[in-house]
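**Q** Provided below: target-v9.txt, containing compact mmCIF, C-alpha atoms.
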```
# COMPACT_ATOMS: atom_id res chain seq x y z
CA MET A 1 -6.29 -43.39 -76.52
CA ARG A 2 -8.27 -45.33 -79.10
CA ARG A 3 -10.83 -42.54 -79.36
CA LEU A 4 -8.04 -40.05 -79.85
CA LEU A 5 -6.63 -42.09 -82.71
CA VAL A 6 -10.03 -42.40 -84.37
CA ALA A 7 -10.62 -38.67 -84.03
CA GLY A 8 -7.19 -37.94 -85.46
CA GLY A 9 -7.81 -40.27 -88.37
CA ALA A 10 -11.15 -38.65 -89.07
CA ILE A 11 -9.61 -35.18 -89.08
CA ALA A 12 -6.83 -36.34 -91.40
CA LEU A 13 -9.37 -37.87 -93.79
CA ALA A 14 -11.47 -34.71 -93.72
CA GLY A 15 -8.39 -32.69 -94.59
CA LEU A 16 -7.53 -34.97 -97.48
CA SER A 17 -11.08 -34.90 -98.81
CA CYS A 18 -10.92 -31.11 -99.10
CA VAL A 19 -8.10 -31.30 -101.65
CA ASP A 20 -9.26 -31.36 -105.27
CA PRO A 21 -6.65 -33.60 -106.90
CA THR A 22 -7.60 -32.53 -110.41
CA HIS A 23 -7.13 -28.88 -109.56
CA ALA A 24 -3.94 -29.58 -107.66
CA SER A 25 -2.39 -31.55 -110.51
CA GLY A 26 -3.43 -28.88 -113.00
CA VAL A 27 -1.57 -26.29 -110.95
CA ASP A 28 1.45 -28.55 -110.53
CA GLU A 29 1.69 -29.17 -114.27
CA LEU A 30 2.33 -25.48 -114.85
CA GLY A 31 5.72 -25.73 -113.22
CA PRO A 32 7.72 -22.95 -111.57
CA GLU A 33 7.79 -19.28 -112.46
CA THR A 34 10.15 -18.15 -115.19
CA PRO A 35 13.26 -16.75 -113.49
CA GLY A 36 13.24 -12.98 -113.41
CA ILE A 37 9.49 -12.65 -113.94
CA PRO A 38 7.69 -12.45 -110.62
CA PRO A 39 4.02 -13.34 -110.24
CA GLY A 40 1.95 -10.52 -111.68
CA PRO A 41 0.34 -9.30 -114.90
CA LEU A 42 3.35 -10.27 -117.01
CA HIS A 43 3.93 -13.77 -115.72
CA ARG A 44 3.25 -17.13 -117.34
CA PRO A 45 2.11 -15.97 -120.79
CA GLY A 46 0.36 -18.69 -122.74
CA GLN A 47 -0.56 -20.72 -119.72
CA PRO A 48 -4.14 -21.45 -118.65
CA CYS A 49 -4.56 -18.48 -116.30
CA LEU A 50 -7.65 -19.80 -114.60
CA ALA A 51 -5.87 -22.94 -113.46
CA CYS A 52 -4.64 -20.81 -110.55
CA HIS A 53 -6.89 -17.75 -110.76
CA ASP A 54 -10.30 -19.41 -110.72
CA GLY A 55 -10.97 -18.73 -107.08
CA ARG A 56 -9.53 -21.99 -105.80
CA GLY A 57 -6.02 -20.62 -105.68
CA PRO A 58 -3.18 -20.41 -105.38
CA GLY A 59 -3.27 -17.37 -107.66
CA GLU A 60 -4.80 -14.07 -106.67
CA PRO A 61 -6.88 -12.24 -107.71
CA GLU A 62 -9.68 -14.38 -109.07
CA LEU A 63 -10.08 -13.76 -112.78
CA SER A 64 -13.09 -14.42 -114.98
CA VAL A 65 -11.47 -14.12 -118.40
CA ALA A 66 -7.75 -14.13 -119.13
CA GLY A 67 -5.32 -15.15 -121.82
CA THR A 68 -2.39 -14.30 -124.04
CA ILE A 69 -2.31 -13.07 -127.62
CA TYR A 70 0.57 -13.71 -130.01
CA ALA A 71 1.42 -11.84 -133.18
CA ALA A 72 1.39 -14.88 -135.46
CA ARG A 73 0.57 -18.56 -135.44
CA THR A 74 4.14 -19.73 -135.64
CA GLU A 75 5.84 -17.00 -133.63
CA SER A 76 6.31 -16.58 -129.92
CA ALA A 77 6.33 -12.78 -129.98
CA PRO A 78 3.46 -11.36 -127.93
CA LEU A 79 0.96 -9.00 -129.49
CA VAL A 80 1.23 -5.87 -127.36
CA GLY A 81 -1.56 -3.31 -127.21
CA ALA A 82 -4.21 -5.40 -128.94
CA ARG A 83 -7.89 -4.85 -128.16
CA VAL A 84 -9.69 -7.96 -127.01
CA THR A 85 -13.45 -7.51 -127.00
CA ILE A 86 -15.45 -10.05 -125.08
CA GLN A 87 -19.24 -10.20 -125.14
CA ASP A 88 -21.31 -12.46 -122.95
CA ALA A 89 -24.72 -14.03 -123.43
CA THR A 90 -26.48 -11.00 -121.99
CA GLY A 91 -24.85 -8.70 -124.54
CA THR A 92 -22.54 -7.09 -121.99
CA SER A 93 -19.07 -6.55 -123.39
CA HIS A 94 -15.67 -5.51 -122.11
CA VAL A 95 -12.60 -4.39 -124.01
CA LEU A 96 -9.26 -5.52 -122.60
CA ILE A 97 -5.83 -4.43 -123.82
CA THR A 98 -2.91 -6.84 -123.98
CA ASN A 99 0.19 -5.90 -121.99
CA GLU A 100 3.89 -6.32 -122.75
CA ALA A 101 3.63 -10.06 -122.35
CA GLY A 102 0.56 -10.28 -124.56
CA ASN A 103 -1.52 -11.02 -121.49
CA PHE A 104 -4.97 -9.64 -120.82
CA TYR A 105 -7.39 -10.33 -118.00
CA ILE A 106 -10.35 -9.09 -116.07
CA GLU A 107 -11.05 -9.77 -112.44
CA LYS A 108 -14.19 -11.60 -111.49
CA SER A 109 -15.05 -8.84 -109.04
CA SER A 110 -15.31 -6.53 -112.06
CA TRP A 111 -17.21 -8.91 -114.33
CA ALA A 112 -18.73 -12.32 -113.85
CA PRO A 113 -19.92 -13.02 -117.41
CA THR A 114 -22.83 -15.20 -118.40
CA TYR A 115 -21.66 -17.89 -120.81
CA PRO A 116 -21.30 -18.38 -123.71
CA LEU A 117 -18.79 -15.69 -124.62
CA PHE A 118 -17.83 -14.29 -128.00
CA VAL A 119 -14.42 -12.80 -128.69
CA ARG A 120 -13.01 -10.32 -131.17
CA LEU A 121 -9.41 -9.24 -131.57
CA ASP A 122 -8.39 -5.90 -133.10
CA PHE A 123 -4.91 -4.57 -133.74
CA ASP A 124 -3.51 -2.04 -136.15
CA GLY A 125 -6.56 -2.10 -138.41
CA LYS A 126 -6.72 -5.88 -138.48
CA LYS A 127 -9.47 -7.87 -136.81
CA LYS A 128 -9.96 -11.50 -135.98
CA LEU A 129 -13.12 -13.16 -134.74
CA MET A 130 -13.19 -16.28 -132.64
CA GLN A 131 -15.12 -18.77 -134.73
CA THR A 132 -16.52 -20.73 -131.83
CA ARG A 133 -18.04 -19.75 -128.53
CA ILE A 134 -16.39 -20.03 -125.16
CA GLY A 135 -18.65 -22.42 -123.34
CA GLN A 136 -17.66 -22.24 -119.71
CA ASN A 137 -13.94 -21.63 -119.20
CA GLY A 138 -12.69 -18.07 -119.53
CA GLY A 139 -9.06 -19.10 -119.45
CA CYS A 140 -7.97 -19.06 -123.11
CA GLY A 141 -5.06 -21.38 -122.39
CA PHE A 142 -7.45 -24.11 -121.32
CA CYS A 143 -8.03 -24.85 -125.02
CA HIS A 144 -5.36 -22.78 -126.78
CA SER A 145 -1.95 -24.16 -125.92
CA GLY A 146 1.54 -24.56 -127.31
CA PRO A 147 2.83 -26.76 -130.13
CA ARG A 148 0.58 -29.62 -131.05
CA PRO A 149 1.47 -32.95 -129.53
CA LYS A 150 1.38 -35.65 -132.16
CA GLY A 151 -2.08 -37.10 -132.64
CA ASP A 152 -3.91 -34.78 -130.27
CA PRO A 153 -7.42 -34.28 -131.66
CA VAL A 154 -8.32 -31.53 -129.21
CA HIS A 155 -5.37 -29.24 -129.69
CA MET A 156 -5.91 -25.61 -130.57
CA PRO A 157 -2.92 -23.35 -131.22
CA PRO A 158 -2.24 -20.31 -129.07
CA VAL A 159 -4.38 -17.27 -129.86
CA PHE A 160 -2.74 -15.31 -132.64
CA LEU A 161 -3.57 -12.44 -134.95
CA GLU A 162 -1.96 -13.45 -138.23
CA ASP A 163 -1.90 -16.91 -139.73
CA ARG A 164 1.74 -17.04 -140.75
CA MET B 1 -23.00 -67.68 -73.60
CA ARG B 2 -22.38 -68.20 -77.27
CA ASN B 3 -21.00 -65.21 -79.16
CA ARG B 4 -23.16 -64.84 -82.26
CA GLY B 5 -20.84 -62.24 -83.81
CA SER B 6 -21.98 -59.61 -86.26
CA LEU B 7 -23.64 -62.17 -88.57
CA GLY B 8 -25.91 -63.09 -85.69
CA ARG B 9 -27.74 -59.82 -86.24
CA VAL B 10 -28.67 -60.61 -89.86
CA THR B 11 -32.42 -60.97 -89.77
CA PRO B 12 -34.68 -62.46 -92.47
CA PRO B 13 -35.73 -59.04 -93.80
CA VAL B 14 -32.10 -58.05 -94.18
CA VAL B 15 -31.38 -61.29 -96.03
CA GLY B 16 -34.34 -60.59 -98.30
CA VAL B 17 -33.08 -57.13 -99.14
CA LEU B 18 -29.59 -58.48 -99.83
CA VAL B 19 -30.93 -61.21 -102.13
CA ALA B 20 -33.11 -58.71 -103.97
CA GLY B 21 -30.14 -56.41 -104.34
CA ILE B 22 -27.96 -59.18 -105.74
CA VAL B 23 -30.67 -60.24 -108.20
CA PHE B 24 -31.14 -56.63 -109.29
CA ALA B 25 -27.40 -56.04 -109.65
CA CYS B 26 -26.92 -59.20 -111.68
CA SER B 27 -29.88 -58.71 -114.01
CA SER B 28 -29.06 -58.25 -117.66
CA PRO B 29 -29.89 -55.06 -119.51
CA ASP B 30 -33.15 -55.11 -121.38
CA PRO B 31 -32.19 -56.26 -124.89
CA ASP B 32 -35.15 -54.37 -126.31
CA ALA B 33 -34.06 -51.07 -124.78
CA THR B 34 -32.32 -49.95 -127.93
CA ILE B 35 -33.24 -47.34 -130.47
CA ALA B 36 -33.61 -48.65 -134.00
CA PRO B 37 -32.38 -46.33 -136.74
CA GLY B 38 -35.92 -45.83 -138.00
CA GLU B 39 -37.31 -44.74 -134.66
CA LEU B 40 -35.29 -41.54 -134.65
CA ASP B 41 -34.29 -40.11 -137.98
CA ARG B 42 -30.67 -41.17 -138.31
CA ALA B 43 -30.24 -39.53 -141.71
CA GLY B 44 -31.94 -36.37 -140.51
CA PHE B 45 -29.48 -36.13 -137.66
CA GLU B 46 -26.83 -35.09 -140.20
CA SER B 47 -28.58 -31.71 -140.18
CA VAL B 48 -28.64 -31.56 -136.40
CA THR B 49 -24.95 -32.27 -135.83
CA PRO B 50 -23.57 -28.90 -137.01
CA MET B 51 -26.01 -27.14 -134.70
CA LEU B 52 -24.84 -29.25 -131.77
CA ASN B 53 -21.23 -28.56 -132.71
CA ARG B 54 -21.96 -24.86 -132.69
CA ARG B 55 -24.08 -24.62 -129.56
CA CYS B 56 -22.76 -27.41 -127.38
CA GLY B 57 -19.54 -28.85 -128.74
CA SER B 58 -16.79 -26.40 -127.83
CA LEU B 59 -13.64 -27.85 -126.31
CA ASP B 60 -14.48 -26.62 -122.84
CA CYS B 61 -17.98 -28.10 -122.94
CA HIS B 62 -19.30 -31.19 -124.69
CA GLY B 63 -16.48 -31.23 -127.23
CA SER B 64 -14.43 -32.94 -124.56
CA ARG B 65 -13.48 -36.56 -124.10
CA PHE B 66 -14.53 -36.32 -120.48
CA ARG B 67 -18.24 -35.76 -121.09
CA ASN B 68 -21.00 -38.33 -121.22
CA LEU B 69 -22.71 -36.40 -123.96
CA ARG B 70 -19.61 -36.17 -126.12
CA ILE B 71 -19.98 -34.12 -129.28
CA TYR B 72 -17.35 -34.75 -131.94
CA GLY B 73 -16.74 -32.32 -134.74
CA TYR B 74 -15.66 -28.89 -135.84
CA GLY B 75 -14.69 -26.67 -132.90
CA GLY B 76 -14.37 -29.55 -130.49
CA ILE B 77 -12.81 -32.94 -130.10
CA ARG B 78 -12.08 -34.78 -133.36
CA LEU B 79 -12.40 -38.43 -134.03
CA ALA B 80 -9.31 -38.70 -136.19
CA ALA B 81 -6.08 -37.95 -134.37
CA SER B 82 -4.80 -36.26 -137.52
CA ASP B 83 -7.65 -33.73 -137.43
CA ASN B 84 -7.89 -30.74 -135.14
CA PRO B 85 -10.75 -28.56 -133.92
CA GLU B 86 -10.08 -26.01 -136.67
CA ALA B 87 -10.35 -28.42 -139.57
CA PRO B 88 -11.92 -30.16 -141.33
CA GLN B 89 -15.65 -29.64 -141.00
CA THR B 90 -17.50 -32.35 -139.06
CA THR B 91 -17.15 -35.71 -140.77
CA PRO B 92 -19.90 -38.31 -141.30
CA ALA B 93 -18.13 -40.65 -138.88
CA GLU B 94 -18.23 -37.95 -136.22
CA ALA B 95 -21.90 -37.26 -136.90
CA ALA B 96 -22.58 -40.97 -136.42
CA LEU B 97 -20.95 -40.88 -133.00
CA ASP B 98 -22.81 -37.72 -132.08
CA TYR B 99 -26.05 -39.52 -132.90
CA GLU B 100 -25.05 -42.40 -130.66
CA ALA B 101 -24.18 -39.97 -127.88
CA VAL B 102 -27.56 -38.25 -128.01
CA VAL B 103 -29.62 -41.39 -128.43
CA GLY B 104 -27.65 -43.39 -125.89
CA LEU B 105 -27.31 -40.75 -123.22
CA GLU B 106 -30.28 -42.01 -121.22
CA PRO B 107 -31.65 -44.95 -123.17
CA GLU B 108 -34.57 -45.69 -120.88
CA ALA B 109 -35.86 -42.12 -121.11
CA MET B 110 -35.35 -42.07 -124.86
CA ARG B 111 -37.12 -45.41 -125.14
CA SER B 112 -40.08 -44.04 -123.16
CA PHE B 113 -40.11 -40.84 -125.18
CA ILE B 114 -40.37 -42.78 -128.42
CA ALA B 115 -42.94 -45.18 -127.02
CA ALA B 116 -45.08 -42.22 -126.01
CA GLY B 117 -45.17 -40.97 -129.58
CA ARG B 118 -42.21 -38.59 -129.52
CA ARG B 119 -44.44 -35.78 -128.35
CA ASP B 120 -42.68 -34.28 -125.37
CA PRO B 121 -38.93 -33.59 -125.67
CA SER B 122 -38.90 -32.16 -122.17
CA LYS B 123 -38.84 -35.77 -120.97
CA LEU B 124 -35.21 -35.85 -122.12
CA THR B 125 -32.59 -34.46 -119.76
CA PHE B 126 -30.30 -33.14 -122.47
CA TYR B 127 -33.15 -31.10 -123.91
CA ARG B 128 -34.11 -29.66 -120.52
CA LYS B 129 -30.50 -28.81 -119.78
CA ALA B 130 -29.96 -27.12 -123.13
CA ARG B 131 -32.92 -24.88 -122.37
CA MET B 132 -31.76 -24.37 -118.79
CA GLU B 133 -34.99 -25.89 -117.50
CA GLU B 134 -32.68 -28.05 -115.43
CA ALA B 135 -29.36 -27.06 -113.86
CA HIS B 136 -26.71 -26.84 -116.57
CA LYS B 137 -23.21 -25.59 -116.01
CA GLY B 138 -23.07 -24.27 -119.56
CA GLY B 139 -26.24 -22.24 -119.06
CA SER B 140 -28.98 -21.82 -121.63
CA ARG B 141 -27.88 -22.90 -125.10
CA ILE B 142 -31.24 -23.12 -126.75
CA ALA B 143 -33.98 -20.56 -126.34
CA PRO B 144 -37.58 -21.64 -126.80
CA GLY B 145 -38.51 -21.15 -130.43
CA ASP B 146 -35.10 -20.16 -131.71
CA ALA B 147 -33.53 -21.86 -134.72
CA ALA B 148 -31.65 -24.40 -132.63
CA ASP B 149 -34.80 -25.24 -130.70
CA ARG B 150 -36.82 -25.71 -133.90
CA CYS B 151 -34.03 -27.85 -135.31
CA LEU B 152 -33.84 -30.14 -132.31
CA VAL B 153 -37.56 -30.39 -131.62
CA SER B 154 -38.36 -31.12 -135.27
CA TRP B 155 -35.81 -33.92 -135.36
CA LEU B 156 -37.02 -35.40 -132.11
CA THR B 157 -40.74 -35.17 -132.79
CA SER B 158 -41.26 -35.44 -136.54
CA THR B 159 -39.22 -34.49 -139.58
CA VAL B 160 -36.08 -32.47 -139.12
CA ASP B 161 -36.33 -28.81 -140.08
CA SER B 162 -33.07 -28.62 -142.00
CA SER B 163 -33.35 -24.91 -142.70
CA ALA B 164 -33.63 -24.18 -138.97
CA CYS B 165 -30.60 -26.38 -138.34
CA ARG B 166 -28.61 -24.57 -141.01
CA LEU B 167 -29.61 -21.23 -139.56
CA ALA B 168 -28.57 -22.27 -136.06
CA ALA B 169 -25.28 -23.73 -137.24
CA ALA B 170 -24.43 -20.67 -139.29
CA GLU B 171 -24.95 -18.28 -136.41
CA GLY B 172 -21.95 -16.00 -136.45
CA ASN B 173 -19.99 -14.04 -133.89
CA PRO B 174 -22.15 -11.07 -132.83
CA LEU B 175 -19.01 -8.94 -132.57
CA ASP B 176 -18.57 -9.06 -136.35
CA ASP B 177 -19.38 -5.81 -138.11
```
What does this structure look like when you write it as structure tokens?
**A**
Amino acid sequence: MRRLLVAGGAIALAGLSCVDPTHASGVDELGPETPGIPPGPLHRPGQPCLACHDGRGPGEPELSVAGTIYAARTESAPLVGARVTIQDATGTSHVLITNEAGNFYIEKSSWAPTYPLFVRLDFDGKKKLMQTRIGQNGGCGFCHSGPRPKGDPVHMPPVFLEDR
Amino acid sequence: MRNRGSLGRVTPPVVGVLVAGIVFACSSPDPDATIAPGELDRAGFESVTPMLNRRCGSLDCHGSRFRNLRIYGYGGIRLAASDNPEAPQTTPAEAALDYEAVVGLEPEAMRSFIAAGRRDPSKLTFYRKARMEEAHKGGSRIAPGDAADRCLVSWLTSTVDSSACRLAAAEGNPLDD
């Protein structure tokens, strides 16, 4: 009986140790889906896509680069049909087009880029270049998030085309 | 028969190891294991900081509060809560902390590097990682002989090559036309 208990405890501990609490809390912080928008290419605009789609779940498929583009800094309207060009350290580039939600993404099975990445945005004759490199996280929302919490020295606004 | 319990198995060698461990754990840090401002060019580091901001300091890399080598400045974490990664440019106070981060990352190794005449930067982990000579999640950020490499090596080994640092920091987005 005692051996059984020890074995059971060991198995329970092993199970617990396989859970990454940082990843789990990051997923939990995203909250539930918006009613009426099922999981898919249009869901959760503005959120850090790779929190769920980085291969550790729960999102499928695994994505290498993904994000959301907005029309303007202070507006919540998505920028639909924008060209997002991403170039990696080897010089390989991909052009992704934003969908109705402003979302764009590429699956890791299609491209596993070598960091750092450089990004360019083009829409209706206007272009915008990302001033810094992406160092290791291809989920735009990891750095670019919503309104700035007071006194947050790491906050970057959502990705937008026009500064108005 | 007397039950000696688990302590009964503590032999003299084990006691010796325990005592040595306690002495080692309680020993004070070497007060001389610090880097004086003159030993590495503190003023010259002002030229190095923008290069580090550019190559290493993005928010998802060393421009994060969670990193040992924490790089403050433009494009990454800011020292002043009122600032943000987009503005202003890196401040002198941030450059000072960046200097402390680089110099204090592995003080014993830096101490040895300086004592050996500042000849071989590859003794420093952060340099090896930047060149991907050692595993680095962020990959290769400095290529041998490029502007960033000349900037860093010159600062570490002699007099900082400010023009190389400026060149490395000004590197633009290759997707610009």
**Q** Using all atoms listed in the file, determine which residues of chain A fall within 7 Å of chain B; present them as a PyMOL selection string.
**A** chain A and resi 115+118+120+129+131-137+143+151-156
**Q** Using Å and a single decimal, report how far CA of Ala43 (chain B) sits from CA of Ser163 (chain B).
**A**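 Separation between CA of Ser163 (chain B) and CA of Ala43 (chain B): 15.0 Å.
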**Q** Could you please determine the separation between CA of Gly73 (chain B) and CA of Asp177 (chain B) in Å, to one decimal place?
**A**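 Between these atoms lies a distance of 26.9 Å.
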**Q** Between B:Ile71, B:Leu156, B:Leu124, B:Ala164, single out the one closest to Ala109 (chain B), counting all atoms listed in the file.
**A** B:Leu124
**Q** Env of Gly44 (chain B): 10 Å cut, atoms = all atoms listed in the file, seq-sep filter 5 positions within chain, self excluded. Answer as a PyMOL selection string.
**A** chain B and resi 49+154-156+159-162
